[in-house]
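Structure file work21.txt (compact mmCIF, C-alpha atoms) is printed below.
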# COMPACT_ATOMS: atom_id res chain seq x y z
CA GLN A 1 34.82 -4.88 13.47
CA SER A 2 33.44 -7.84 15.39
CA THR A 3 33.51 -8.85 19.05
CA ALA A 4 33.79 -12.22 20.77
CA LEU A 5 32.69 -13.01 24.31
CA VAL A 6 35.38 -14.98 26.15
CA GLU A 7 34.59 -16.85 29.38
CA ILE A 8 37.51 -17.67 31.70
CA ASP A 9 37.64 -20.27 34.46
CA ARG A 10 39.46 -18.35 37.18
CA GLY A 11 40.29 -21.31 39.38
CA GLU A 12 42.18 -19.84 42.32
CA THR A 13 43.03 -16.58 40.53
CA LYS A 14 41.56 -13.60 42.40
CA GLY A 15 42.95 -10.52 40.62
CA PRO A 16 42.46 -9.03 37.14
CA ILE A 17 43.30 -11.07 34.04
CA ARG A 18 44.72 -9.64 30.80
CA LEU A 19 43.46 -11.15 27.55
CA THR A 20 45.36 -10.80 24.28
CA ALA A 21 45.09 -12.33 20.81
CA THR A 22 48.27 -13.51 19.08
CA GLY A 23 49.07 -14.97 15.67
CA LEU A 24 46.63 -12.63 13.95
CA PRO A 25 46.68 -12.50 10.12
CA ALA A 26 47.93 -9.40 8.32
CA SER A 27 45.68 -6.32 8.52
CA VAL A 28 43.73 -7.73 11.48
CA SER A 29 44.19 -6.39 15.01
CA ALA A 30 42.75 -6.94 18.47
CA ALA A 31 43.31 -4.63 21.43
CA GLU A 32 44.28 -6.15 24.76
CA VAL A 33 41.44 -6.19 27.28
CA GLU A 34 41.37 -6.71 31.04
CA LEU A 35 38.97 -8.93 32.94
CA PRO A 36 38.15 -7.30 36.30
CA ALA A 37 38.67 -9.32 39.45
CA ASP A 38 34.95 -9.77 40.05
CA GLN A 39 34.04 -11.01 36.57
CA LYS A 40 34.39 -14.25 34.61
CA SER A 41 33.84 -13.08 31.03
CA VAL A 42 35.00 -10.25 28.79
CA GLU A 43 34.56 -9.13 25.17
CA ILE A 44 37.53 -8.77 22.85
CA ALA A 45 37.16 -6.80 19.61
CA PHE A 46 38.75 -7.80 16.31
CA THR A 47 39.24 -5.16 13.62
CA ALA A 48 40.00 -5.97 9.98
CA ALA A 49 41.33 -3.36 7.54
CA ALA A 50 39.71 -2.97 4.13
CA ASP A 51 42.57 -4.91 2.50
CA ALA A 52 42.42 -7.86 4.92
CA GLU A 53 42.48 -11.25 3.25
CA GLU A 54 39.34 -13.36 3.54
CA GLY A 55 39.63 -16.82 5.04
CA GLU A 56 39.86 -18.89 8.23
CA PHE A 57 42.93 -18.35 10.41
CA PRO A 58 44.10 -20.07 13.62
CA VAL A 59 44.82 -17.57 16.40
CA ARG A 60 45.62 -17.90 20.09
CA LEU A 61 43.84 -16.20 22.97
CA VAL A 62 46.25 -15.72 25.86
CA ALA A 63 45.01 -15.02 29.40
CA THR A 64 47.66 -13.67 31.81
CA ALA A 65 47.35 -13.17 35.57
CA ALA A 66 50.44 -12.15 37.54
CA GLU A 67 53.22 -14.39 36.17
CA ARG A 68 50.99 -17.18 34.92
CA SER A 69 49.55 -17.48 31.37
CA VAL A 70 47.21 -19.93 29.67
CA GLU A 71 46.14 -19.97 26.05
CA GLN A 72 43.41 -21.37 23.83
CA SER A 73 43.49 -21.85 20.07
CA VAL A 74 40.47 -20.56 18.15
CA THR A 75 39.58 -20.05 14.49
CA LEU A 76 39.14 -16.49 13.29
CA VAL A 77 36.96 -16.09 10.20
CA VAL A 78 37.63 -12.98 8.10
CA LYS A 79 34.86 -12.21 5.63
CA LYS A 80 34.19 -9.00 3.81
CA VAL A 81 30.82 -7.49 4.66
CA LEU A 82 29.08 -5.97 1.67
CA PRO A 83 27.01 -2.80 2.04
CA PRO A 84 23.27 -3.00 1.44
CA ASN A 85 22.34 -3.11 -2.23
CA LEU A 86 19.57 -0.76 -3.37
CA LEU A 87 17.71 -2.25 -6.31
CA PRO A 88 17.07 -0.02 -9.37
CA LEU A 89 14.44 2.67 -8.77
CA ALA A 90 11.60 3.62 -11.10
CA ALA A 91 11.56 7.25 -12.24
CA VAL A 92 9.13 9.52 -10.40
CA SER A 93 6.91 12.12 -12.07
CA LEU A 94 5.85 14.81 -9.61
CA GLN A 95 3.62 17.84 -10.07
CA PRO A 96 3.87 21.11 -8.12
CA GLY A 97 1.63 21.00 -5.05
CA ASP A 98 1.41 17.20 -5.17
CA ARG A 99 3.16 14.16 -3.76
CA ALA A 100 4.28 10.83 -5.20
CA ALA A 101 5.78 7.62 -3.83
CA THR A 102 8.23 5.10 -5.21
CA ALA A 103 9.04 1.61 -3.96
CA ILE A 104 12.42 1.07 -2.27
CA SER A 105 13.78 -2.49 -2.21
CA VAL A 106 17.08 -3.42 -0.57
CA GLU A 107 19.24 -6.54 -0.57
CA ARG A 108 20.57 -6.62 3.00
CA ASN A 109 23.59 -8.87 2.26
CA GLY A 110 23.33 -10.37 5.73
CA LEU A 111 23.16 -7.05 7.58
CA GLU A 112 20.64 -6.93 10.41
CA GLY A 113 18.79 -4.01 11.95
CA PRO A 114 16.69 -1.08 10.70
CA LEU A 115 17.60 0.61 7.41
CA GLU A 116 17.71 4.40 7.36
CA VAL A 117 16.89 5.84 3.92
CA ARG A 118 17.71 9.41 2.94
CA VAL A 119 17.75 11.41 -0.29
CA GLU A 120 20.38 13.87 -1.51
CA GLY A 121 20.26 16.35 -4.39
CA LEU A 122 16.61 17.39 -4.00
CA PRO A 123 15.70 20.48 -6.07
CA ALA A 124 14.27 23.59 -4.42
CA GLY A 125 10.71 23.11 -3.22
CA VAL A 126 10.91 19.30 -3.10
CA THR A 127 11.16 17.31 0.14
CA ALA A 128 11.49 13.62 0.97
CA ALA A 129 9.71 12.10 3.96
CA ALA A 130 11.87 10.25 6.49
CA LEU A 131 11.91 6.51 5.84
CA THR A 132 13.08 3.74 8.17
CA ILE A 133 12.72 0.16 6.95
CA PRO A 134 12.21 -2.14 9.98
CA ALA A 135 14.73 -4.87 10.78
CA ASP A 136 12.39 -7.63 9.61
CA GLN A 137 11.68 -6.01 6.24
CA SER A 138 13.63 -5.16 3.08
CA SER A 139 11.31 -2.73 1.31
CA GLY A 140 9.35 0.46 1.87
CA GLN A 141 7.73 3.45 0.18
CA LEU A 142 9.71 6.67 -0.29
CA GLU A 143 7.41 9.70 -0.50
CA LEU A 144 8.38 12.92 -2.29
CA SER A 145 6.42 16.17 -2.05
CA ALA A 146 6.62 19.35 -4.14
CA ALA A 147 5.57 22.83 -3.06
CA ALA A 148 2.90 24.56 -5.14
CA ASP A 149 5.46 27.05 -6.44
CA ALA A 150 8.18 24.51 -7.21
CA ALA A 151 9.73 25.13 -10.63
CA GLU A 152 9.69 22.49 -13.34
CA THR A 153 12.96 20.59 -13.53
CA LYS A 154 14.64 17.23 -14.02
CA ALA A 155 17.01 15.91 -11.37
CA SER A 156 19.08 12.81 -10.62
CA LEU A 157 18.69 12.13 -6.90
CA ARG A 158 20.97 10.02 -4.71
CA VAL A 159 19.03 7.60 -2.54
CA LEU A 160 21.13 6.15 0.29
CA ALA A 161 20.31 3.27 2.62
CA THR A 162 22.44 2.89 5.77
CA ILE A 163 22.64 0.02 8.23
CA SER A 164 25.33 -0.72 10.82
CA GLY A 165 27.48 2.08 9.43
CA ARG A 166 27.44 0.67 5.89
CA THR A 167 25.70 2.54 3.09
CA GLY A 168 24.43 1.53 -0.32
CA GLU A 169 23.05 3.93 -2.88
CA SER A 170 21.11 4.17 -6.11
CA THR A 171 19.95 6.92 -8.47
CA LEU A 172 16.37 8.13 -8.72
CA GLN A 173 15.30 10.18 -11.74
CA LEU A 174 12.82 12.91 -10.78
CA HIS A 175 10.65 14.74 -13.30
CA LEU A 176 9.02 17.78 -11.72
CA GLU A 177 6.50 19.12 -14.21
CA LYS A 178 3.02 20.57 -14.33
CA TYR A 179 1.82 18.02 -16.88
CA PRO A 180 3.50 14.67 -17.68
CA PHE A 181 1.50 14.70 -20.95
CA ARG A 182 -1.14 16.83 -22.67
CA LEU A 183 -4.24 16.14 -24.70
CA LEU A 184 -3.79 18.23 -27.82
CA PRO A 185 -6.67 20.23 -29.37
CA LEU A 186 -8.65 18.26 -31.95
CA MET A 187 -8.04 19.07 -35.59
CA ASN A 188 -11.81 19.36 -36.03
CA PRO A 189 -13.60 19.67 -32.69
CA VAL A 190 -17.09 19.58 -34.28
CA VAL A 191 -18.47 16.12 -35.11
CA TRP A 192 -21.62 15.62 -37.23
CA ILE A 193 -23.15 12.17 -36.82
CA GLU A 194 -26.49 10.84 -38.06
CA PRO A 195 -28.59 8.33 -36.05
CA GLU A 196 -27.41 4.70 -36.45
CA GLN A 197 -23.99 5.90 -37.56
CA SER A 198 -20.56 6.08 -35.98
CA GLN A 199 -17.46 8.12 -36.61
CA GLU A 200 -13.85 7.93 -35.59
CA ILE A 201 -11.81 10.94 -34.56
CA GLU A 202 -8.08 11.08 -34.01
CA VAL A 203 -6.93 12.01 -30.53
CA LYS A 204 -3.35 13.22 -30.19
CA VAL A 205 -1.23 13.67 -27.10
CA GLN A 206 2.03 15.42 -26.37
CA ARG A 207 4.17 13.22 -24.16
CA ARG A 208 6.67 14.52 -21.64
CA SER A 209 7.87 12.19 -18.86
CA HIS A 210 4.90 9.82 -19.07
CA GLN A 211 5.64 7.05 -21.57
CA GLY A 212 3.07 4.51 -20.42
CA PRO A 213 -0.48 3.94 -21.67
CA ILE A 214 -2.83 6.94 -21.72
CA GLU A 215 -6.55 6.47 -21.18
CA VAL A 216 -8.98 8.88 -22.83
CA ARG A 217 -12.72 9.00 -22.34
CA VAL A 218 -15.55 11.32 -23.31
CA GLU A 219 -17.79 13.02 -20.75
CA ASN A 220 -21.12 14.87 -21.11
CA LEU A 221 -22.25 13.14 -24.32
CA PRO A 222 -25.89 13.56 -25.41
CA ASP A 223 -28.41 10.81 -24.64
CA SER A 224 -28.10 7.79 -26.96
CA VAL A 225 -24.57 8.80 -27.98
CA THR A 226 -21.71 6.62 -26.75
CA ALA A 227 -17.93 6.59 -27.03
CA ALA A 228 -15.80 3.61 -26.06
CA PRO A 229 -12.82 4.48 -23.85
CA LEU A 230 -9.58 4.84 -25.77
CA THR A 231 -6.17 3.64 -24.59
CA ILE A 232 -3.19 5.08 -26.42
CA PRO A 233 -0.41 2.45 -26.17
CA PRO A 234 2.94 3.19 -24.49
CA GLY A 235 5.25 5.28 -26.62
CA GLN A 236 2.57 6.27 -29.12
CA SER A 237 1.19 9.78 -29.50
CA SER A 238 -2.26 9.22 -31.01
CA GLY A 239 -5.25 6.89 -31.18
CA MET A 240 -8.69 6.65 -32.81
CA LEU A 241 -11.77 7.35 -30.68
CA SER A 242 -15.07 5.90 -31.92
CA ILE A 243 -18.37 7.74 -31.32
CA ALA A 244 -21.67 5.97 -32.08
CA VAL A 245 -25.26 7.33 -32.29
CA ALA A 246 -28.29 5.13 -31.60
CA ALA A 247 -31.38 5.11 -33.82
CA GLU A 248 -33.52 6.90 -31.23
CA ALA A 249 -31.10 9.80 -30.78
CA LYS A 250 -32.67 13.22 -31.17
CA ASP A 251 -31.19 16.21 -32.94
CA ARG A 252 -29.24 18.33 -30.53
CA VAL A 253 -25.90 20.05 -29.94
CA ARG A 254 -23.81 19.13 -26.92
CA SER A 255 -20.34 20.20 -25.81
CA ALA A 256 -18.65 17.03 -24.63
CA ARG A 257 -15.21 16.84 -23.02
CA LEU A 258 -12.21 14.63 -23.71
CA VAL A 259 -10.52 13.80 -20.41
CA SER A 260 -7.77 11.47 -19.27
CA PRO A 261 -8.14 9.58 -15.98
CA THR A 262 -4.49 8.59 -16.35
CA ASP A 263 -3.63 12.02 -14.96
CA ALA A 264 -6.44 14.16 -13.58
CA ALA A 265 -4.28 17.29 -13.81
CA THR A 266 -4.12 17.11 -17.61
CA LEU A 267 -6.23 19.82 -19.24
CA PRO A 268 -9.43 18.47 -20.88
CA GLN A 269 -10.35 19.24 -24.51
CA THR A 270 -13.80 20.21 -25.82
CA LEU A 271 -15.69 18.17 -28.42
CA ILE A 272 -18.95 19.49 -29.96
CA VAL A 273 -21.34 16.73 -31.05
CA ARG A 274 -24.16 17.66 -33.44
Would you mind writing the file's structure down as structure tokens?
Amino acid sequence: QSTALVEIDRGETKGPIRLTATGLPASVSAAEVELPADQKSVEIAFTAAADAEEGEFPVRLVATAAERSVEQSVTLVVKKVLPPNLLPLAAVSLQPGDRAATAISVERNGLEGPLEVRVEGLPAGVTAAALTIPADQSSGQLELSAAADAAETKASLRVLATISGRTGESTLQLHLEKYPFRLLPLMNPVVWIEPEQSQEIEVKVQRRSHQGPIEVRVENLPDSVTAAPLTIPPGQSSGMLSIAVAAEAKDRVRSARLVSPTDAATLPQTLIVR
């Protein structure tokens, strides 16, 4: 539906004036309106059905007062208005007791005004914060939160963006899990290294929803013992970690830890360096 403001030169006419639209194309209608005696302009609303043909059509606006009528030819443009288009959404990995955000981007398709975003199909224990994208923007951050006792699950969520009564939607894949990946126990957690030597150990991971790179580093190493950070490439499940001992290193036993800053919730693994 769209409205047009029509101004009328009353001349000597003092009473109300009826305004109608004639010659309308198929599937388009306009209700008759009345201009009160003390006014000079009025809005007339045009409504197009879903099957209305697009195009430009000549129509006539007829103003009638008492027995006298005047008319004006105008061009009516019928154009289908597309709903907002939600761009594809990246999957979200969420842990119980935590929160995560995903970017929402919308193609407005000429629609103006604030965009109201809502989520349907949320599993038990998961909530979505209210999101309104301002009229001068086309993107925002949708925040999801999981209760501490939320059960692990996978869900396909419907994300809907509404503006001016028109709604677009997209699907968001949610992975609710305690650990998106795990560092697996080392095959041999005890490493013997002599001064001025180095040794490589294989670090394995068990992937769940996380398919990106995984960083691994070693904490609590003895003095003069170093280990370069390891990055396991996307899609791979293992990598080689190099540990080096300087010439001045002294004999000692130290329990070091393998940790992953990629996800602080992942359980660390113990490495004994002798």
- Item | Pairwise distance for CA of Arg208 in chain A and CA of Tyr179 in chain A, rounded to one decimal in Å |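 Taking CA of Arg208 in chain A and CA of Tyr179 in chain A, their separation equals 7.6 Å.
In this structure, CA of Thr13 in chain A sits 10.6 Å away from CA of Asp38 in chain A.
Comparing A:Gln137, A:Val59, A:Gln39, A:Ala103 by their smallest distance to Ala90 in chain A, the closest is A:Ala103 (using all atoms listed in the file).
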- Message: For a quick check of understanding, using only C-alpha atoms, which of A:Ala124, A:Ala66, A:Ala26, A:Leu86 has the smallest distance to Glu152 in chain A?
- Response: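 Nearest candidate to Glu152 in chain A out of A:Ala124, A:Ala66, A:Ala26, A:Leu86: A:Ala124.
Between CA of Pro195 in chain A and CA of Ala249 in chain A there is a distance of 6.0 Å.
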For Gly239 in chain A, list every protein, DNA or RNA residue within 10 Å, evaluated using all atoms listed in the file, and leave out those in the same chain fewer than 6 positions away; present the list as a PDB file with C-alpha atoms, in the coordinates of the input.
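The result, written out as out-v3.pdb:
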ATOM      1  CA  GLU A 200     -13.850   7.930 -35.590  1.00  0.00           C
ATOM      2  CA  ILE A 201     -11.810  10.940 -34.560  1.00  0.00           C
ATOM      3  CA  GLU A 202      -8.080  11.080 -34.010  1.00  0.00           C
ATOM      4  CA  VAL A 203      -6.930  12.010 -30.530  1.00  0.00           C
ATOM      5  CA  LYS A 204      -3.350  13.220 -30.190  1.00  0.00           C
ATOM      6  CA  VAL A 205      -1.230  13.670 -27.100  1.00  0.00           C
ATOM      7  CA  ILE A 214      -2.830   6.940 -21.720  1.00  0.00           C
ATOM      8  CA  VAL A 216      -8.980   8.880 -22.830  1.00  0.00           C
ATOM      9  CA  LEU A 230      -9.580   4.840 -25.770  1.00  0.00           C
ATOM     10  CA  THR A 231      -6.170   3.640 -24.590  1.00  0.00           C
ATOM     11  CA  ILE A 232      -3.190   5.080 -26.420  1.00  0.00           C
ATOM     12  CA  PRO A 233      -0.410   2.450 -26.170  1.00  0.00           C
TER      13      PRO A 233
END
- Item | Answer as a PyMOL selection string, residues within 7 Å of (48.1, -4.8, 6.2) using all atoms listed in the file | chain A and resi 26-27+51-52
- Item | Residues near Thr127 in chain A, cut-off 9 Å, all atoms listed in the file, skip fewer than 2 positions along chain, as a ChimeraX atom specification | /A:119,122-125,129,143-147
- Item | Of the listed residues A:Gln72, A:Gln211, A:Thr153, A:Thr47, that which approaches Gln95 in chain A most closely, counting only C-alpha atoms |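 Smallest distance to Gln95 in chain A is found for A:Thr153.
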- Task: In the coordinate frame of the file, compute which residues have an atom within 9 Å of (43.7, -8.8, 22.9) when using all atoms listed in the file, and state them as a ChimeraX atom specification.
- Result: /A:18-22,29-34,44-46,61-62
Which polymer residues have any atom within 7 Å of an atom of range 219-228 of chain A, counting all atoms listed in the file, with same-chain residues fewer than 3 positions away left out, as a short mmCIF file (atom, residue, chain, number, x, y, z; two decimals) with C-alpha atoms, keeping the file's coordinate frame?
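Okay, this is what ended up in selection-v3.cif:
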data_model
loop_
_atom_site.label_atom_id
_atom_site.label_comp_id
_atom_site.auth_asym_id
_atom_site.auth_seq_id
_atom_site.Cartn_x
_atom_site.Cartn_y
_atom_site.Cartn_z
CA SER A 242 -15.07 5.90 -31.92
CA ILE A 243 -18.37 7.74 -31.32
CA ALA A 244 -21.67 5.97 -32.08
CA VAL A 245 -25.26 7.33 -32.29
CA ALA A 246 -28.29 5.13 -31.60
CA GLU A 248 -33.52 6.90 -31.23
CA ALA A 249 -31.10 9.80 -30.78
CA ARG A 254 -23.81 19.13 -26.92
CA ALA A 256 -18.65 17.03 -24.63
CA ARG A 257 -15.21 16.84 -23.02
CA LEU A 258 -12.21 14.63 -23.71
#
- Task: Check the smallest atom-to-atom distance from each of A:Ala247, A:Val117, A:Ile163, A:Ala148 to Leu82 in chain A using all atoms listed in the file, then report the winner.
- Result: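 Answer, going by the shortest atom-to-atom distance: A:Ile163.
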- Message: List as number ranges by chain the protein and nucleic acid residues near His210 in chain A, meaning an atom at most 12 Å away when all atoms listed in the file are counted, but skip any in the same chain fewer than 5 places from it.
- Response: A: 91-94, 174-182, 205, 232-237, 262-263, 266
- Got a sec: who's within 8 Å of Thr132 in chain A, counting all atoms listed in the file, leaving out chain neighbours fewer than 2 positions off, as a PyMOL selection string? chain A and resi 114-117+130+134
Those residues with C-alpha atoms, as a compact mmCIF listing (two decimals), in the frame of the given file please?
# COMPACT_ATOMS: atom_id res chain seq x y z
CA PRO A 114 16.69 -1.08 10.70
CA LEU A 115 17.60 0.61 7.41
CA GLU A 116 17.71 4.40 7.36
CA VAL A 117 16.89 5.84 3.92
CA ALA A 130 11.87 10.25 6.49
CA PRO A 134 12.21 -2.14 9.98
- Message: Restricting the calculation to only C-alpha atoms: of A:Gly168, A:Gly212, A:Pro261, A:Pro229, which residue gets closest to Pro88 in chain A?
- Response: A:Gly168
- Item | Selected residue, from A:Leu89, A:Ser41, A:Ile17, A:Ser238, that lies nearest to Thr102 in chain A when counting only C-alpha atoms |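 Checking each candidate against Thr102 in chain A, we get A:Leu89 as the closest.
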Would you mind writing range 108-136 of chain A with N, CA and C atoms, as a PDB file, in the coordinates of the input?
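This is the output file result09.pdb:
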ATOM      1  N   ARG A 108      19.861  -6.929   1.747  1.00  0.00           N
ATOM      2  CA  ARG A 108      20.570  -6.620   3.000  1.00  0.00           C
ATOM      3  C   ARG A 108      21.989  -7.196   3.034  1.00  0.00           C
ATOM      4  N   ASN A 109      22.261  -8.226   2.263  1.00  0.00           N
ATOM      5  CA  ASN A 109      23.590  -8.870   2.260  1.00  0.00           C
ATOM      6  C   ASN A 109      24.009  -9.305   3.669  1.00  0.00           C
ATOM      7  N   GLY A 110      23.041  -9.831   4.405  1.00  0.00           N
ATOM      8  CA  GLY A 110      23.330 -10.370   5.730  1.00  0.00           C
ATOM      9  C   GLY A 110      23.332  -9.356   6.846  1.00  0.00           C
ATOM     10  N   LEU A 111      23.142  -8.088   6.549  1.00  0.00           N
ATOM     11  CA  LEU A 111      23.160  -7.050   7.580  1.00  0.00           C
ATOM     12  C   LEU A 111      21.812  -7.014   8.295  1.00  0.00           C
ATOM     13  N   GLU A 112      21.857  -6.932   9.609  1.00  0.00           N
ATOM     14  CA  GLU A 112      20.640  -6.930  10.410  1.00  0.00           C
ATOM     15  C   GLU A 112      20.411  -5.559  11.038  1.00  0.00           C
ATOM     16  N   GLY A 113      19.152  -5.272  11.311  1.00  0.00           N
ATOM     17  CA  GLY A 113      18.790  -4.010  11.950  1.00  0.00           C
ATOM     18  C   GLY A 113      17.983  -3.133  11.013  1.00  0.00           C
ATOM     19  N   PRO A 114      17.474  -2.004  11.527  1.00  0.00           N
ATOM     20  CA  PRO A 114      16.690  -1.080  10.700  1.00  0.00           C
ATOM     21  C   PRO A 114      17.555  -0.389   9.651  1.00  0.00           C
ATOM     22  N   LEU A 115      16.945  -0.098   8.510  1.00  0.00           N
ATOM     23  CA  LEU A 115      17.600   0.610   7.410  1.00  0.00           C
ATOM     24  C   LEU A 115      17.122   2.047   7.386  1.00  0.00           C
ATOM     25  N   GLU A 116      18.052   2.983   7.445  1.00  0.00           N
ATOM     26  CA  GLU A 116      17.710   4.400   7.360  1.00  0.00           C
ATOM     27  C   GLU A 116      17.911   4.868   5.925  1.00  0.00           C
ATOM     28  N   VAL A 117      16.851   5.402   5.319  1.00  0.00           N
ATOM     29  CA  VAL A 117      16.890   5.840   3.920  1.00  0.00           C
ATOM     30  C   VAL A 117      16.831   7.364   3.879  1.00  0.00           C
ATOM     31  N   ARG A 118      17.723   7.960   3.113  1.00  0.00           N
ATOM     32  CA  ARG A 118      17.710   9.410   2.940  1.00  0.00           C
ATOM     33  C   ARG A 118      17.964   9.739   1.468  1.00  0.00           C
ATOM     34  N   VAL A 119      17.634  10.976   1.097  1.00  0.00           N
ATOM     35  CA  VAL A 119      17.750  11.410  -0.290  1.00  0.00           C
ATOM     36  C   VAL A 119      18.612  12.661  -0.351  1.00  0.00           C
ATOM     37  N   GLU A 120      19.536  12.705  -1.296  1.00  0.00           N
ATOM     38  CA  GLU A 120      20.380  13.870  -1.510  1.00  0.00           C
ATOM     39  C   GLU A 120      20.179  14.411  -2.919  1.00  0.00           C
ATOM     40  N   GLY A 121      20.375  15.722  -3.072  1.00  0.00           N
ATOM     41  CA  GLY A 121      20.260  16.350  -4.390  1.00  0.00           C
ATOM     42  C   GLY A 121      18.855  16.787  -4.744  1.00  0.00           C
ATOM     43  N   LEU A 122      17.987  16.964  -3.734  1.00  0.00           N
ATOM     44  CA  LEU A 122      16.610  17.390  -4.000  1.00  0.00           C
ATOM     45  C   LEU A 122      16.591  18.824  -4.533  1.00  0.00           C
ATOM     46  N   PRO A 123      15.810  19.103  -5.572  1.00  0.00           N
ATOM     47  CA  PRO A 123      15.700  20.480  -6.070  1.00  0.00           C
ATOM     48  C   PRO A 123      14.902  21.344  -5.102  1.00  0.00           C
ATOM     49  N   ALA A 124      14.992  22.656  -5.282  1.00  0.00           N
ATOM     50  CA  ALA A 124      14.270  23.590  -4.420  1.00  0.00           C
ATOM     51  C   ALA A 124      12.774  23.316  -4.467  1.00  0.00           C
ATOM     52  N   GLY A 125      12.150  23.322  -3.302  1.00  0.00           N
ATOM     53  CA  GLY A 125      10.710  23.110  -3.220  1.00  0.00           C
ATOM     54  C   GLY A 125      10.287  21.665  -3.148  1.00  0.00           C
ATOM     55  N   VAL A 126      11.239  20.731  -3.159  1.00  0.00           N
ATOM     56  CA  VAL A 126      10.910  19.300  -3.100  1.00  0.00           C
ATOM     57  C   VAL A 126      11.502  18.724  -1.811  1.00  0.00           C
ATOM     58  N   THR A 127      10.713  17.947  -1.096  1.00  0.00           N
ATOM     59  CA  THR A 127      11.160  17.310   0.140  1.00  0.00           C
ATOM     60  C   THR A 127      10.905  15.809   0.071  1.00  0.00           C
ATOM     61  N   ALA A 128      11.659  15.068   0.867  1.00  0.00           N
ATOM     62  CA  ALA A 128      11.490  13.620   0.970  1.00  0.00           C
ATOM     63  C   ALA A 128      11.154  13.273   2.413  1.00  0.00           C
ATOM     64  N   ALA A 129      10.101  12.508   2.617  1.00  0.00           N
ATOM     65  CA  ALA A 129       9.710  12.100   3.960  1.00  0.00           C
ATOM     66  C   ALA A 129      10.742  11.118   4.530  1.00  0.00           C
ATOM     67  N   ALA A 130      10.955  11.183   5.838  1.00  0.00           N
ATOM     68  CA  ALA A 130      11.870  10.250   6.490  1.00  0.00           C
ATOM     69  C   ALA A 130      11.370   8.821   6.313  1.00  0.00           C
ATOM     70  N   LEU A 131      12.290   7.907   6.039  1.00  0.00           N
ATOM     71  CA  LEU A 131      11.910   6.510   5.840  1.00  0.00           C
ATOM     72  C   LEU A 131      12.877   5.611   6.609  1.00  0.00           C
ATOM     73  N   THR A 132      12.326   4.780   7.484  1.00  0.00           N
ATOM     74  CA  THR A 132      13.080   3.740   8.170  1.00  0.00           C
ATOM     75  C   THR A 132      12.438   2.403   7.854  1.00  0.00           C
ATOM     76  N   ILE A 133      13.214   1.497   7.269  1.00  0.00           N
ATOM     77  CA  ILE A 133      12.720   0.160   6.950  1.00  0.00           C
ATOM     78  C   ILE A 133      13.018  -0.736   8.152  1.00  0.00           C
ATOM     79  N   PRO A 134      11.994  -1.335   8.763  1.00  0.00           N
ATOM     80  CA  PRO A 134      12.210  -2.140   9.980  1.00  0.00           C
ATOM     81  C   PRO A 134      13.175  -3.298   9.744  1.00  0.00           C
ATOM     82  N   ALA A 135      13.715  -3.816  10.857  1.00  0.00           N
ATOM     83  CA  ALA A 135      14.730  -4.870  10.780  1.00  0.00           C
ATOM     84  C   ALA A 135      14.226  -6.141  10.120  1.00  0.00           C
ATOM     85  N   ASP A 136      12.927  -6.398  10.192  1.00  0.00           N
ATOM     86  CA  ASP A 136      12.390  -7.630   9.610  1.00  0.00           C
ATOM     87  C   ASP A 136      11.860  -7.431   8.200  1.00  0.00           C
TER      88      ASP A 136
END
